[in-house]
Amino acid sequence: MQPQQKRGCELGYNLRMTTKSRYEELKAQINFHNYRYHVLDAPVISDLEFDKLLNELKRIEADHPDWVTPDSPTQRAGAKPADRFEKVRHPAPILSLANAFGAEDARAWYERIRKIDDRVEKAKFVVEPKIDGLSVVLHYRDGVFVQGATRGDGEVGEDITSNLRTVRAIPLRIPVEGRKSKVEVPKYLVVRGEAFIPTKEFEALNRQLEEAGEKTYQNPRNTAAGALRQLDPKLTASRPITLLVYQIIHSEGGKVPTSQWEILEYLKTLGFPVTDVSKRFNNLEDAIAYIEPWDKKRDELPYEADGMVIKIDDLTLAAELGFVGKDPRGAIAFKFPAREVTTRLNDIGVAVGRTGVLTPYAVLEPVEIGGVIVERATLHNFDYIAEKDIRVGDRVLVKRAGEVIPYVIGPVVDARSGKEKKYKPPQTCPACGQPVEHFEGEVAWYCVNAACPAQLVRNVEHFVSRGAMDIVGMGIKIVEKLIETGKVRDVADIYTLTRADILEAVTKKDRKTDKEPPGKIADNLLASIETSKSRSLARLITALGIRGVGEVSAGDLAAHYGNLDALSKAGVDDLQQIEGIGPNIAEGIVDWFSRPFNQKVLKKLKAAGVWPQAQKTEGRRQEGAFTGLTFVITGTLPTWSREEAKAFIESHGGKVTDSVSKKTGYLVLGENPGSKFEKAKALGVKIIGEEELRKLAE
Ligand code: IVH
């Protein structure tokens, strides 16, 4: 070999080594920042910096696919959907707990075990929250997460490894890099924890589903359990599942502590998420005194807890006490009183949400549940009422759990007198009286009346927003006031507002933190209303808030029709000639322009001089990775709304249509897909998830 050649070869080898060590370093860094964010809730870098690290890692993996190991952070949601779950035999039984309903039960438990072994008298007790979630078993070999299972029957569970990988609180490698103390990890370690969805995240998820017109979930526990036990890991990844770990089931090749308190500390040191509500006591009475106030305080916990667990700290003693069936004698669940009651369903009301979605709620005979008087409870959606056959006048079982809005579990059928009335969903909006509508593939009913007082605030907000008419200074407070005082009855009224109208809306209270004098606020707002008159036609079309018409479609429509006179006369077939306008959007447009209320708004806008003509540049799609490709979106995507996914595709030059055909390039699949999914499969259309869509753009 020539010296030069040799040097080149060595250089290549070194470069490879540098990349490899950088790769290992990146993996450890990302896993550490993931831990800081998802376990400690205390990130030390920004999301942007995190994404940069992750992108660097992805680039290296693209060049060296053979380097990728299961502990790489890119492997969290990489697995393909499975046909079924394999069975996993647990290395030791996954036990459950006997219950104590109050202090007396707990004392009786203590007496029972004291009689079996008098060492109990000197025992310490650890108290932990009893989280209402799903028990999971996590296996680590040489510190790497290799398998995760459900509890199953306690002997054999189901292998849900791919789903559990998507749970970011689960460390893929232990100890998590960056932990201060050096800690030994057994060659094989099996731990147990409780997977759950935090209450706040659950409510946010339901709000999001409701706005999208989809079915909401009944409670966090079932949602978490359902998400972990379905076959596509991508769908699990879209659910905000986390976990807390509390037990070592088995270990080989290394020492682990022998007291529960030390186990919790040890698990924490390894980088597992561990509750910080746990405490150790020298006797049972102190433990009970700690637990009892938690019944009232349980809403302070970020998850649903149905009690506290009392455990004998000395695990050798606990094991020697043995079991009764599947319940170990060394621990007991101190249950909080259930927050479920029955009461009479006096009526069913209907609320109109931000997007016009109609949501039914129960008007209850007031009843106390856990110290709170409950008069209303959610009924989720109209399908739910029908499925559960909930009738007005029924006695219903109502649950209040954590901070979750109380919900009706179902009717007590045996308590019926025969006078109960079957419920029919309203045909008209309870706020404005206009007929309600239903869209294919959604469970919700909508009020689509732009003048509906329940929706006017939202319509005006949208009209003045940045991507639309961009009227600076027209904040939500002012909008609400103007609607309340009757100065704004539709979006066109904005253009006839006087200085006095605005001054009236800018009350002292609203200006608490505003240093500007009201006169100046009014003048500035009037000026930005005036400026908005010259916004482009595309922006005005966006601002009208026609269902399905986003910024890009608005641009296409503006370019095609040139002004609102022509667009308002367009028929469904004509509209569908435009790229990107499918049958649903076309119908939505025709429907919007056919409504007398909207025609009046258009007339007023024209009279106010808000009647732009199209500019030549409008409607041109951006060129990009998706140019020439057509996409169809179905179901709920993990992080993006439909509009966001559409904007993303369009910003890369792609087209989004409503129906699947042979011409469809990709179906973007989310949770609870509609019939489009079946059709795409039948036609052999490529099916991808949100993450793949992102990757495809790269
Ligand atoms: S200890 C021997 N600790 O409650 C150990 N269980 O009814 C037995 N749970 O199936 C379990 N939080 O899913 C334990 N801190 C905690 C818990 C806990 C929730 C669940 C677990 C178990 C059920 C017992």
# chains A, B, ... in the order shown; residues from 1 in each chain; ligands from 1
>>> select_by_dssp(residues="segment 553-696 of chain A", states="alpha helix (DSSP H)", output="JSON, numbers by chain")
{"A": [553, 554, 555, 556, 557, 558, 559, 560, 561, 564, 565, 566, 567, 568, 569, 572, 573, 574, 575, 576, 583, 584, 585, 586, 587, 588, 589, 590, 591, 592, 593, 594, 596, 597, 598, 599, 600, 601, 602, 603, 604, 605, 606, 607, 642, 643, 644, 645, 646, 647, 648, 649, 650, 651, 675, 676, 677, 678, 679, 680, 681, 682, 683, 690, 691, 692, 693, 694, 695, 696]}
>>> residues_near_ligand(ligand="ligand 1", cutoff="6 Å", atoms="only C-alpha atoms and all ligand atoms", output="MDAnalysis selection string")
chainID A and resid 95:97 128:132 134:135 194 246 309 328
>>> write_last_selection(atoms="all heavy atoms", output="short mmCIF file (atom, residue, chain, number, x, y, z; two decimals), in the first residue's frame")
data_model
loop_
_atom_site.label_atom_id
_atom_site.label_comp_id
_atom_site.auth_asym_id
_atom_site.auth_seq_id
_atom_site.Cartn_x
_atom_site.Cartn_y
_atom_site.Cartn_z
N LEU A 95 -48.44 -9.37 41.38
CA LEU A 95 -49.50 -9.50 42.37
C LEU A 95 -50.43 -8.29 42.40
O LEU A 95 -50.10 -7.24 41.86
CB LEU A 95 -48.88 -9.70 43.75
CG LEU A 95 -47.95 -10.92 43.84
CD1 LEU A 95 -47.16 -10.89 45.14
CD2 LEU A 95 -48.77 -12.21 43.72
N SER A 96 -51.57 -8.48 43.04
CA SER A 96 -52.46 -7.33 43.23
C SER A 96 -52.54 -7.04 44.73
O SER A 96 -51.68 -7.49 45.49
CB SER A 96 -53.81 -7.58 42.58
OG SER A 96 -54.55 -8.46 43.36
N LEU A 97 -53.50 -6.30 45.17
CA LEU A 97 -53.54 -5.86 46.57
C LEU A 97 -54.92 -6.08 47.18
O LEU A 97 -55.93 -5.90 46.50
CB LEU A 97 -53.25 -4.36 46.65
CG LEU A 97 -51.85 -3.86 46.33
CD1 LEU A 97 -51.86 -2.34 46.23
CD2 LEU A 97 -50.89 -4.30 47.42
N GLU A 128 -47.49 5.05 49.39
CA GLU A 128 -47.38 5.57 48.02
C GLU A 128 -48.78 5.79 47.46
O GLU A 128 -49.71 5.11 47.87
CB GLU A 128 -46.72 4.52 47.10
CG GLU A 128 -45.31 4.17 47.46
CD GLU A 128 -44.88 2.86 46.78
OE1 GLU A 128 -45.49 2.47 45.77
OE2 GLU A 128 -43.93 2.25 47.29
N PRO A 129 -48.92 6.70 46.50
CA PRO A 129 -50.25 6.85 45.88
C PRO A 129 -50.61 5.61 45.08
O PRO A 129 -49.73 4.98 44.50
CB PRO A 129 -50.08 8.07 44.96
CG PRO A 129 -48.62 8.19 44.73
CD PRO A 129 -47.93 7.61 45.92
N LYS A 130 -51.88 5.27 45.06
CA LYS A 130 -52.33 4.15 44.25
C LYS A 130 -52.94 4.75 42.97
O LYS A 130 -54.07 5.23 42.97
CB LYS A 130 -53.36 3.31 45.00
CG LYS A 130 -53.80 2.09 44.23
CD LYS A 130 -54.67 1.20 45.09
CE LYS A 130 -55.15 -0.02 44.34
NZ LYS A 130 -55.79 0.23 43.05
N ILE A 131 -52.14 4.73 41.94
CA ILE A 131 -52.54 5.37 40.69
C ILE A 131 -53.52 4.48 39.94
O ILE A 131 -53.33 3.28 39.85
CB ILE A 131 -51.29 5.63 39.82
CG1 ILE A 131 -50.31 6.51 40.60
CG2 ILE A 131 -51.66 6.29 38.50
CD1 ILE A 131 -48.91 6.42 40.09
N ASP A 132 -54.55 5.12 39.41
CA ASP A 132 -55.55 4.37 38.66
C ASP A 132 -55.12 4.31 37.20
O ASP A 132 -55.49 5.15 36.39
CB ASP A 132 -56.90 5.08 38.80
CG ASP A 132 -58.05 4.15 38.50
OD1 ASP A 132 -57.80 2.95 38.29
OD2 ASP A 132 -59.20 4.62 38.48
N LEU A 134 -52.62 1.47 34.38
CA LEU A 134 -52.45 0.11 33.87
C LEU A 134 -51.08 -0.39 34.32
O LEU A 134 -50.07 0.26 34.08
CB LEU A 134 -52.51 0.15 32.34
CG LEU A 134 -52.47 -1.19 31.65
CD1 LEU A 134 -53.85 -1.81 31.64
CD2 LEU A 134 -51.99 -1.03 30.20
N SER A 135 -51.07 -1.55 35.00
CA SER A 135 -49.80 -2.10 35.49
C SER A 135 -48.96 -2.59 34.31
O SER A 135 -49.45 -3.33 33.46
CB SER A 135 -50.12 -3.30 36.38
OG SER A 135 -49.36 -3.23 37.55
N GLU A 194 -46.88 1.83 36.92
CA GLU A 194 -48.25 2.09 36.53
C GLU A 194 -48.24 3.12 35.41
O GLU A 194 -47.69 4.21 35.57
CB GLU A 194 -49.00 2.62 37.76
CG GLU A 194 -50.49 2.56 37.67
CD GLU A 194 -51.07 1.16 37.92
OE1 GLU A 194 -50.30 0.19 38.13
OE2 GLU A 194 -52.30 1.05 37.88
N TYR A 246 -42.55 1.50 40.69
CA TYR A 246 -42.55 1.34 42.14
C TYR A 246 -42.05 -0.01 42.65
O TYR A 246 -41.99 -0.24 43.85
CB TYR A 246 -43.94 1.61 42.74
CG TYR A 246 -45.06 0.81 42.09
CD1 TYR A 246 -45.26 -0.54 42.40
CD2 TYR A 246 -45.90 1.41 41.18
CE1 TYR A 246 -46.27 -1.27 41.80
CE2 TYR A 246 -46.93 0.70 40.57
CZ TYR A 246 -47.10 -0.65 40.89
OH TYR A 246 -48.11 -1.35 40.28
N VAL A 309 -51.24 3.21 48.88
CA VAL A 309 -50.82 1.85 49.20
C VAL A 309 -49.92 1.93 50.43
O VAL A 309 -49.02 2.77 50.49
CB VAL A 309 -50.05 1.21 48.03
CG1 VAL A 309 -49.78 -0.27 48.31
CG2 VAL A 309 -50.83 1.36 46.72
N PRO A 328 -50.45 -10.00 48.34
CA PRO A 328 -49.40 -10.19 49.34
C PRO A 328 -49.88 -9.66 50.69
O PRO A 328 -50.59 -8.66 50.74
CB PRO A 328 -48.25 -9.33 48.80
CG PRO A 328 -48.89 -8.32 47.92
CD PRO A 328 -50.14 -8.96 47.37
#
>>> closest_residue(among="A:Val183, A:Leu189, A:Ala289, A:Val443", to="Lys215 of chain A", atoms="only C-alpha atoms")
A:Val443
>>> residues_around(residues="Val572 of chain A", least_positions_apart="4", cutoff="7 Å", atoms="only C-alpha atoms", output="PyMOL selection string")
chain A and resi 576+586-587+590
>>> residues_around(residues="Val374 of chain A", least_positions_apart="2", cutoff="10 Å", atoms="only C-alpha atoms", output="number ranges by chain")
A: 343, 363-372, 376-377, 398-400, 405-406
>>> closest_residue(among="A:His438, A:Arg59, A:Arg339, A:Lys234", to="Arg22 of chain A", atoms="only C-alpha atoms")
A:Arg59
>>> closest_residue(among="A:Ile60, A:Met474, A:Ala333, A:Leu53", to="Ser21 of chain A", atoms="only C-alpha atoms")
A:Ile60
>>> residues_around(residues="Phe50 of chain A", least_positions_apart="5", cutoff="8 Å", atoms="only C-alpha atoms", output="PyMOL selection string")
chain A and resi 30+33+45
>>> write_last_selection(atoms="C-alpha atoms", output="mmCIF file, in the first residue's frame")
data_model
loop_
_atom_site.group_PDB
_atom_site.id
_atom_site.type_symbol
_atom_site.label_atom_id
_atom_site.label_comp_id
_atom_site.auth_asym_id
_atom_site.auth_seq_id
_atom_site.Cartn_x
_atom_site.Cartn_y
_atom_site.Cartn_z
ATOM 1 C CA ILE A 30 -30.793 12.919 23.767
ATOM 2 C CA HIS A 33 -32.577 15.550 27.764
ATOM 3 C CA ILE A 45 -32.202 22.924 26.664
#
>>> residues_around(residues="Leu397 of chain A", least_positions_apart="4", cutoff="9 Å", atoms="only C-alpha atoms", output="number ranges by chain")
A: 340-344, 407-412
>>> write_last_selection(atoms="N, CA, C and O atoms", output="compact mmCIF listing (two decimals), in the first residue's frame")
# COMPACT_ATOMS: atom_id res chain seq x y z
N GLU A 340 -68.52 8.03 43.10
CA GLU A 340 -69.58 7.66 42.17
C GLU A 340 -70.89 7.70 42.93
O GLU A 340 -70.97 7.15 44.03
N VAL A 341 -71.88 8.34 42.39
CA VAL A 341 -73.19 8.35 43.04
C VAL A 341 -74.27 8.16 41.99
O VAL A 341 -74.01 8.32 40.80
N THR A 342 -75.47 7.85 42.44
CA THR A 342 -76.59 7.88 41.50
C THR A 342 -77.45 9.09 41.83
O THR A 342 -77.55 9.49 42.99
N THR A 343 -78.00 9.67 40.80
CA THR A 343 -78.91 10.80 40.98
C THR A 343 -79.85 10.84 39.78
O THR A 343 -79.70 10.05 38.85
N ARG A 344 -80.84 11.78 39.81
CA ARG A 344 -81.82 11.79 38.72
C ARG A 344 -81.34 12.70 37.59
O ARG A 344 -80.79 13.78 37.83
N TYR A 407 -68.77 12.79 34.77
CA TYR A 407 -69.44 12.23 33.60
C TYR A 407 -70.46 11.19 33.99
O TYR A 407 -70.38 10.58 35.07
N VAL A 408 -71.44 11.00 33.11
CA VAL A 408 -72.49 10.02 33.37
C VAL A 408 -71.99 8.67 32.87
O VAL A 408 -71.63 8.52 31.70
N ILE A 409 -71.95 7.69 33.78
CA ILE A 409 -71.48 6.36 33.38
C ILE A 409 -72.60 5.62 32.63
O ILE A 409 -72.35 4.98 31.63
N GLY A 410 -73.80 5.77 33.14
CA GLY A 410 -74.92 5.10 32.45
C GLY A 410 -76.17 5.10 33.32
O GLY A 410 -76.13 5.54 34.48
N PRO A 411 -77.28 4.62 32.78
CA PRO A 411 -78.53 4.62 33.55
C PRO A 411 -78.62 3.41 34.48
O PRO A 411 -77.99 2.38 34.23
N VAL A 412 -79.41 3.56 35.57
CA VAL A 412 -79.72 2.40 36.41
C VAL A 412 -81.05 1.87 35.86
O VAL A 412 -82.13 2.37 36.22
>>> residues_around(residues="segment 657-667 of chain A", least_positions_apart="2", cutoff="7 Å", atoms="only C-alpha atoms", output="list in words")
Gly580, Ile581, Gly582, Asn584, Leu629, Thr630, Phe631, Val632, Ile633, Lys655, Leu669, Lys676, Lys679, Ala680, Leu683, Val685, Lys686, Ile687 and Ile688 of chain A
>>> closest_residue(among="A:Ile113, A:Phe463, A:Ala169, A:Asp276", to="Ala318 of chain A", atoms="only C-alpha atoms")
A:Ile113
>>> closest_residue(among="A:Thr242, A:Asn381, A:Asn283, A:Thr428", to="Tyr110 of chain A", atoms="only C-alpha atoms")
A:Asn283
>>> closest_residue(among="A:Ser259, A:Asn31, A:Ser238, A:Thr542", to="Ala77 of chain A", atoms="only C-alpha atoms")
A:Ser238
>>> atom_distance(atom1="atom CA of Ala415 of chain A", atom2="atom CA of Arg395 of chain A")
6.6 Å
>>> atom_distance(atom1="atom CA of Ile483 of chain A", atom2="atom CA of Pro517 of chain A")
22.2 Å
>>> atom_distance(atom1="atom CA of Gln260 of chain A", atom2="atom CA of Arg280 of chain A")
9.2 Å
